[in-house]
>>> print(open('coords_25.cif').read())   # mmCIF, C-alpha atoms
data_input
#
loop_
_atom_site.label_atom_id
_atom_site.label_comp_id
_atom_site.auth_asym_id
_atom_site.auth_seq_id
_atom_site.Cartn_x
_atom_site.Cartn_y
_atom_site.Cartn_z
CA MET A 93 -66.93 -124.64 -3.68
CA ALA A 94 -65.82 -128.20 -3.06
CA PHE A 95 -68.58 -130.36 -1.66
CA ASP A 96 -67.90 -131.87 1.77
CA PRO A 97 -70.47 -134.33 3.17
CA SER A 98 -69.62 -133.18 6.70
CA THR A 99 -71.13 -129.77 5.95
CA LEU A 100 -74.63 -131.23 5.60
CA VAL A 101 -77.05 -131.01 8.51
CA TYR A 102 -77.71 -134.42 10.04
CA ASP A 103 -80.30 -135.30 12.67
CA SER A 104 -79.52 -136.57 16.17
CA ARG A 105 -78.88 -140.03 14.68
CA GLY A 106 -76.40 -138.61 12.18
CA LEU A 107 -78.81 -139.13 9.29
CA ILE A 108 -80.18 -137.01 6.46
CA PRO A 109 -83.23 -137.91 4.34
CA ALA A 110 -82.53 -138.63 0.68
CA ILE A 111 -85.30 -138.53 -1.92
CA ALA A 112 -84.70 -140.68 -5.00
CA GLN A 113 -86.23 -139.43 -8.24
CA ASP A 114 -86.13 -141.17 -11.60
CA ALA A 115 -83.92 -138.90 -13.70
CA ALA A 116 -85.72 -139.77 -16.92
CA SER A 117 -89.39 -139.75 -15.93
CA GLY A 118 -89.33 -137.46 -12.89
CA GLN A 119 -91.21 -140.05 -10.83
CA VAL A 120 -90.41 -139.89 -7.13
CA LEU A 121 -89.31 -143.44 -6.29
CA MET A 122 -88.57 -143.57 -2.57
CA MET A 123 -87.14 -141.80 0.43
CA ALA A 124 -84.47 -143.31 2.63
CA TRP A 125 -81.66 -142.13 4.89
CA MET A 126 -77.94 -141.53 4.50
CA ASN A 127 -75.17 -140.77 6.94
CA ALA A 128 -72.08 -138.79 5.93
CA GLU A 129 -70.23 -141.93 4.87
CA ALA A 130 -73.19 -143.10 2.74
CA VAL A 131 -73.21 -139.70 1.02
CA ALA A 132 -69.48 -140.01 0.32
CA ARG A 133 -69.82 -143.60 -0.93
CA THR A 134 -72.72 -142.66 -3.21
CA LEU A 135 -70.63 -139.95 -4.83
CA GLU A 136 -67.50 -142.07 -5.07
CA THR A 137 -69.11 -145.18 -6.48
CA GLY A 138 -72.07 -143.75 -8.41
CA ARG A 139 -74.17 -146.44 -6.72
CA VAL A 140 -76.79 -144.93 -4.41
CA THR A 141 -75.98 -146.09 -0.89
CA TYR A 142 -78.25 -145.54 2.08
CA TRP A 143 -77.95 -146.27 5.78
CA SER A 144 -80.45 -148.92 6.81
CA ARG A 145 -81.90 -147.94 10.17
CA SER A 146 -83.40 -151.40 10.74
CA ARG A 147 -80.20 -153.28 9.90
CA ALA A 148 -77.84 -150.55 11.15
CA ALA A 149 -75.69 -151.12 8.09
CA PHE A 150 -74.86 -149.57 4.74
CA TRP A 151 -77.42 -150.44 2.12
CA VAL A 152 -76.16 -150.36 -1.44
CA LYS A 153 -79.49 -150.13 -3.18
CA GLY A 154 -80.04 -153.21 -5.35
CA GLU A 155 -77.10 -155.15 -3.90
CA SER A 156 -79.30 -158.15 -3.16
CA SER A 157 -82.30 -157.45 -5.43
CA GLY A 158 -80.42 -156.26 -8.49
CA HIS A 159 -82.64 -153.19 -8.54
CA VAL A 160 -79.73 -150.79 -8.48
CA GLN A 161 -79.83 -147.03 -8.52
CA ARG A 162 -77.10 -145.40 -10.55
CA LEU A 163 -76.55 -141.84 -9.42
CA VAL A 164 -77.22 -139.23 -12.04
CA GLU A 165 -76.96 -136.18 -9.78
CA MET A 166 -76.99 -135.34 -6.09
CA ARG A 167 -78.68 -132.12 -5.02
CA VAL A 168 -78.74 -130.38 -1.64
CA ASP A 169 -81.60 -128.28 -0.33
CA CYS A 170 -81.46 -124.72 0.99
CA ASP A 171 -81.21 -125.81 4.63
CA ARG A 172 -78.66 -128.51 3.78
CA ASP A 173 -80.79 -131.01 5.71
CA CYS A 174 -82.31 -132.95 2.81
CA LEU A 175 -80.87 -134.53 -0.35
CA LEU A 176 -82.41 -135.22 -3.72
CA VAL A 177 -80.72 -137.90 -5.80
CA THR A 178 -81.76 -138.23 -9.40
CA VAL A 179 -81.14 -141.79 -10.48
CA ASP A 180 -81.17 -144.30 -13.26
CA GLN A 181 -83.31 -147.00 -11.61
CA THR A 182 -83.09 -150.60 -12.73
CA GLY A 183 -86.40 -152.38 -12.14
CA PRO A 184 -88.72 -151.51 -9.28
CA ALA A 185 -87.44 -149.25 -6.50
CA CYS A 186 -89.87 -150.59 -3.88
CA HIS A 187 -89.38 -153.83 -1.98
CA THR A 188 -93.01 -154.65 -2.90
CA ASN A 189 -91.81 -154.84 -6.52
CA ARG A 190 -93.56 -151.66 -7.49
CA ARG A 191 -91.73 -149.00 -9.45
CA SER A 192 -92.22 -146.45 -6.65
CA CYS A 193 -92.85 -146.79 -2.92
CA PHE A 194 -95.56 -144.11 -3.23
CA TYR A 195 -98.20 -146.43 -4.65
CA THR A 196 -101.04 -145.47 -2.31
CA ALA A 197 -103.02 -142.31 -3.05
CA VAL A 198 -105.64 -140.66 -0.89
CA ARG A 199 -108.66 -139.94 -3.08
CA GLY A 200 -112.01 -138.85 -1.71
CA GLY A 201 -110.92 -139.89 1.76
CA GLU A 202 -110.07 -143.42 0.63
CA GLU A 203 -106.74 -145.17 0.12
CA VAL A 204 -106.35 -146.20 -3.50
CA GLU A 205 -103.59 -148.41 -4.93
CA ILE A 206 -102.27 -146.58 -7.98
CA LEU A 207 -99.32 -148.82 -8.91
CA ARG A 208 -99.25 -152.59 -9.27
CA PRO A 209 -96.26 -154.82 -8.59
CA GLU A 210 -94.20 -155.46 -11.68
CA ALA A 211 -94.24 -158.96 -13.14
CA MET B 300 -110.15 -148.34 2.91
CA ALA B 301 -110.82 -144.99 4.54
CA PHE B 302 -107.65 -143.00 5.13
CA ASP B 303 -106.91 -142.16 8.75
CA PRO B 304 -103.90 -139.89 9.45
CA SER B 305 -103.36 -141.66 12.79
CA THR B 306 -102.37 -144.84 10.91
CA LEU B 307 -99.24 -143.20 9.51
CA VAL B 308 -95.89 -143.84 11.16
CA TYR B 309 -94.57 -140.74 12.89
CA ASP B 310 -91.14 -140.26 14.42
CA SER B 311 -90.45 -139.64 18.10
CA ARG B 312 -91.48 -136.00 17.62
CA GLY B 313 -94.79 -137.05 16.07
CA LEU B 314 -93.67 -135.94 12.61
CA ILE B 315 -93.59 -137.47 9.14
CA PRO B 316 -91.57 -136.11 6.20
CA ALA B 317 -93.61 -134.78 3.29
CA ILE B 318 -92.06 -134.31 -0.15
CA ALA B 319 -93.73 -131.68 -2.32
CA GLN B 320 -93.63 -132.28 -6.07
CA ASP B 321 -94.95 -129.98 -8.77
CA ALA B 322 -97.89 -131.92 -10.20
CA ALA B 323 -97.45 -130.43 -13.65
CA SER B 324 -93.68 -130.52 -14.21
CA GLY B 325 -92.66 -133.31 -11.82
CA GLN B 326 -90.03 -131.05 -10.24
CA VAL B 327 -89.33 -131.88 -6.60
CA LEU B 328 -89.89 -128.58 -4.81
CA MET B 329 -89.11 -129.11 -1.12
CA MET B 330 -89.34 -131.45 1.84
CA ALA B 331 -90.90 -130.45 5.14
CA TRP B 332 -92.65 -132.11 8.06
CA MET B 333 -96.25 -132.76 9.04
CA ASN B 334 -97.88 -134.04 12.18
CA ALA B 335 -101.19 -135.92 12.11
CA GLU B 336 -103.20 -132.71 12.43
CA ALA B 337 -101.27 -131.08 9.56
CA VAL B 338 -102.02 -134.13 7.39
CA ALA B 339 -105.72 -133.81 8.26
CA ARG B 340 -105.77 -130.06 7.63
CA THR B 341 -104.00 -130.48 4.28
CA LEU B 342 -106.67 -132.94 3.14
CA GLU B 343 -109.56 -130.91 4.53
CA THR B 344 -108.50 -127.55 3.18
CA GLY B 345 -106.57 -128.50 0.04
CA ARG B 346 -103.88 -126.09 1.22
CA VAL B 347 -100.65 -127.88 2.02
CA THR B 348 -99.99 -127.39 5.72
CA TYR B 349 -96.75 -128.38 7.44
CA TRP B 350 -95.57 -128.32 11.01
CA SER B 351 -92.78 -125.80 11.44
CA ARG B 352 -90.18 -127.31 13.74
CA SER B 353 -88.45 -123.95 14.28
CA ARG B 354 -91.66 -122.07 15.11
CA ALA B 355 -93.45 -125.07 16.69
CA ALA B 356 -96.60 -124.03 14.83
CA PHE B 357 -98.70 -125.01 11.86
CA TRP B 358 -97.32 -123.59 8.66
CA VAL B 359 -99.87 -123.09 5.92
CA LYS B 360 -97.48 -122.88 3.00
CA GLY B 361 -97.69 -119.46 1.37
CA GLU B 362 -99.77 -117.92 4.16
CA SER B 363 -97.36 -115.02 4.50
CA SER B 364 -95.50 -115.20 1.17
CA GLY B 365 -98.47 -115.89 -1.09
CA HIS B 366 -96.54 -118.84 -2.53
CA VAL B 367 -99.29 -121.31 -1.76
CA GLN B 368 -99.35 -124.99 -2.51
CA ARG B 369 -102.71 -126.32 -3.56
CA LEU B 370 -102.91 -130.04 -2.95
CA VAL B 371 -103.41 -132.13 -6.05
CA GLU B 372 -102.89 -135.54 -4.45
CA MET B 373 -101.44 -137.02 -1.28
CA ARG B 374 -99.59 -140.31 -1.52
CA VAL B 375 -98.29 -142.61 1.21
CA ASP B 376 -95.23 -144.83 0.91
CA CYS B 377 -94.97 -148.56 1.53
CA ASP B 378 -93.76 -148.13 5.11
CA ARG B 379 -96.34 -145.42 5.80
CA ASP B 380 -93.54 -143.23 7.16
CA CYS B 381 -93.19 -140.76 4.30
CA LEU B 382 -95.67 -138.68 2.28
CA LEU B 383 -95.54 -137.35 -1.25
CA VAL B 384 -97.80 -134.42 -2.00
CA THR B 385 -98.24 -133.41 -5.61
CA VAL B 386 -99.09 -129.75 -5.71
CA ASP B 387 -100.06 -126.80 -7.78
CA GLN B 388 -97.35 -124.35 -6.66
CA THR B 389 -97.86 -120.61 -6.95
CA GLY B 390 -94.50 -118.85 -7.39
CA PRO B 391 -91.29 -120.12 -5.85
CA ALA B 392 -91.48 -122.89 -3.24
CA CYS B 393 -88.19 -121.95 -1.58
CA HIS B 394 -87.78 -119.10 0.90
CA THR B 395 -84.77 -118.01 -1.19
CA ASN B 396 -87.26 -117.20 -3.97
CA ARG B 397 -86.14 -120.13 -6.10
CA ARG B 398 -88.68 -122.46 -7.61
CA SER B 399 -87.25 -125.45 -5.72
CA CYS B 400 -85.21 -125.77 -2.53
CA PHE B 401 -82.91 -128.23 -4.32
CA TYR B 402 -80.96 -125.61 -6.23
CA THR B 403 -77.47 -126.85 -5.38
CA ALA B 404 -76.05 -129.76 -7.37
CA VAL B 405 -72.84 -131.67 -6.73
CA ARG B 406 -70.95 -131.89 -10.01
CA GLY B 407 -67.37 -133.08 -10.26
CA GLY B 408 -67.00 -132.71 -6.50
CA GLU B 409 -68.09 -129.07 -6.59
CA GLU B 410 -71.28 -127.37 -5.45
CA VAL B 411 -73.00 -125.73 -8.39
CA GLU B 412 -76.02 -123.41 -8.23
CA ILE B 413 -78.51 -124.72 -10.80
CA LEU B 414 -81.50 -122.45 -10.09
CA ARG B 415 -81.55 -118.69 -9.73
CA PRO B 416 -83.96 -116.71 -7.57
CA GLU B 417 -87.04 -115.60 -9.46
CA ALA B 418 -87.43 -111.91 -10.18
#
>>> encode(input="coords_25.cif", output="structure tokens")
Amino acid sequence: MAFDPSTLVYDSRGLIPAIAQDAASGQVLMMAWMNAEAVARTLETGRVTYWSRSRAAFWVKGESSGHVQRLVEMRVDCDRDCLLVTVDQTGPACHTNRRSCFYTAVRGGEEVEILRPEA
Amino acid sequence: MAFDPSTLVYDSRGLIPAIAQDAASGQVLMMAWMNAEAVARTLETGRVTYWSRSRAAFWVKGESSGHVQRLVEMRVDCDRDCLLVTVDQTGPACHTNRRSCFYTAVRGGEEVEILRPEA
């Protein structure tokens, strides 16, 4: 069946969460949001493109930082209301310069930093 | 720093997305939602507990199916508005009996089923 971005289930803002996972290591890098046009652009260009809620604009990941995400594969979940994009990530995915945004773990009731910013 | 679920950033419904990842294989299994109490219960019990939007009730994963998720580690992202839970998953995570909810890939513009239901 041909994939049509309009058949995904978007929230009241027209957005769907997209989880980015490093295709090589399996590390979960970040979660951000796409609208239907961002989904289409990601597939067309192979450059992962989100919708920035704060800037209300398309956000081609790495456009300013150089930390681009090349799409390896887009996957859709059973409810069609969440995406998983496996990516080839250049440099850190997080704006804090860490490889992943999920650098804080909860261990023994305490917050522990488990990833350091890259040099 | 002691972790306090009330310091997370919840949406207008009081919910935060939680990505479940198989701690052993790295496979992304599903995404669902938690409220502050579900976060607390997950940490207290070690049983991953979501908030079911459709049932408007706590959803202890596997309570009815037996496909439980034992919490290995909870991680918080840089914006504190998304969680990653690494889990020890018993059986399939998806209600369709597939290991992961992300069983549909987009390849060459077509939707392709990449995971079959388990026997």
>>> resolve_selection(input="coords_25.cif", expression="the PyMOL selection byres ((chain A) within 9 of (chain B))", output="JSON, numbers by chain")
{"A": [93, 94, 95, 96, 109, 111, 113, 117, 118, 119, 120, 122, 123, 135, 165, 166, 167, 168, 169, 170, 171, 174, 175, 176, 186, 187, 188, 192, 193, 194, 195, 196, 197, 198, 199, 200, 201, 202, 203, 204]}
>>> atom_distance(input="coords_25.cif", atom1="CA of Leu163 (chain A)", atom2="CA of Val386 (chain B)")
25.8 Å
>>> atom_distance(input="coords_25.cif", atom1="CA of Trp143 (chain A)", atom2="CA of Ala130 (chain A)")
6.5 Å
>>> residues_near_point(input="coords_25.cif", point="(-101.5, -139.8, 9.5)", cutoff="8 Å", atoms="only C-alpha atoms", output="count of residues only")
12
>>> resolve_selection(input="coords_25.cif", expression="the PyMOL selection byres ((chain B and resi 364) around 10)", output="list of chain:residue names")
B:Lys360, B:Gly361, B:Glu362, B:Ser363, B:Gly365, B:His366, B:Val367, B:Gly390, B:Pro391, B:Ala392, B:His394, B:Asn396
>>> atom_distance(input="coords_25.cif", atom1="CA of Val359 (chain B)", atom2="CA of Ser104 (chain A)")
26.5 Å
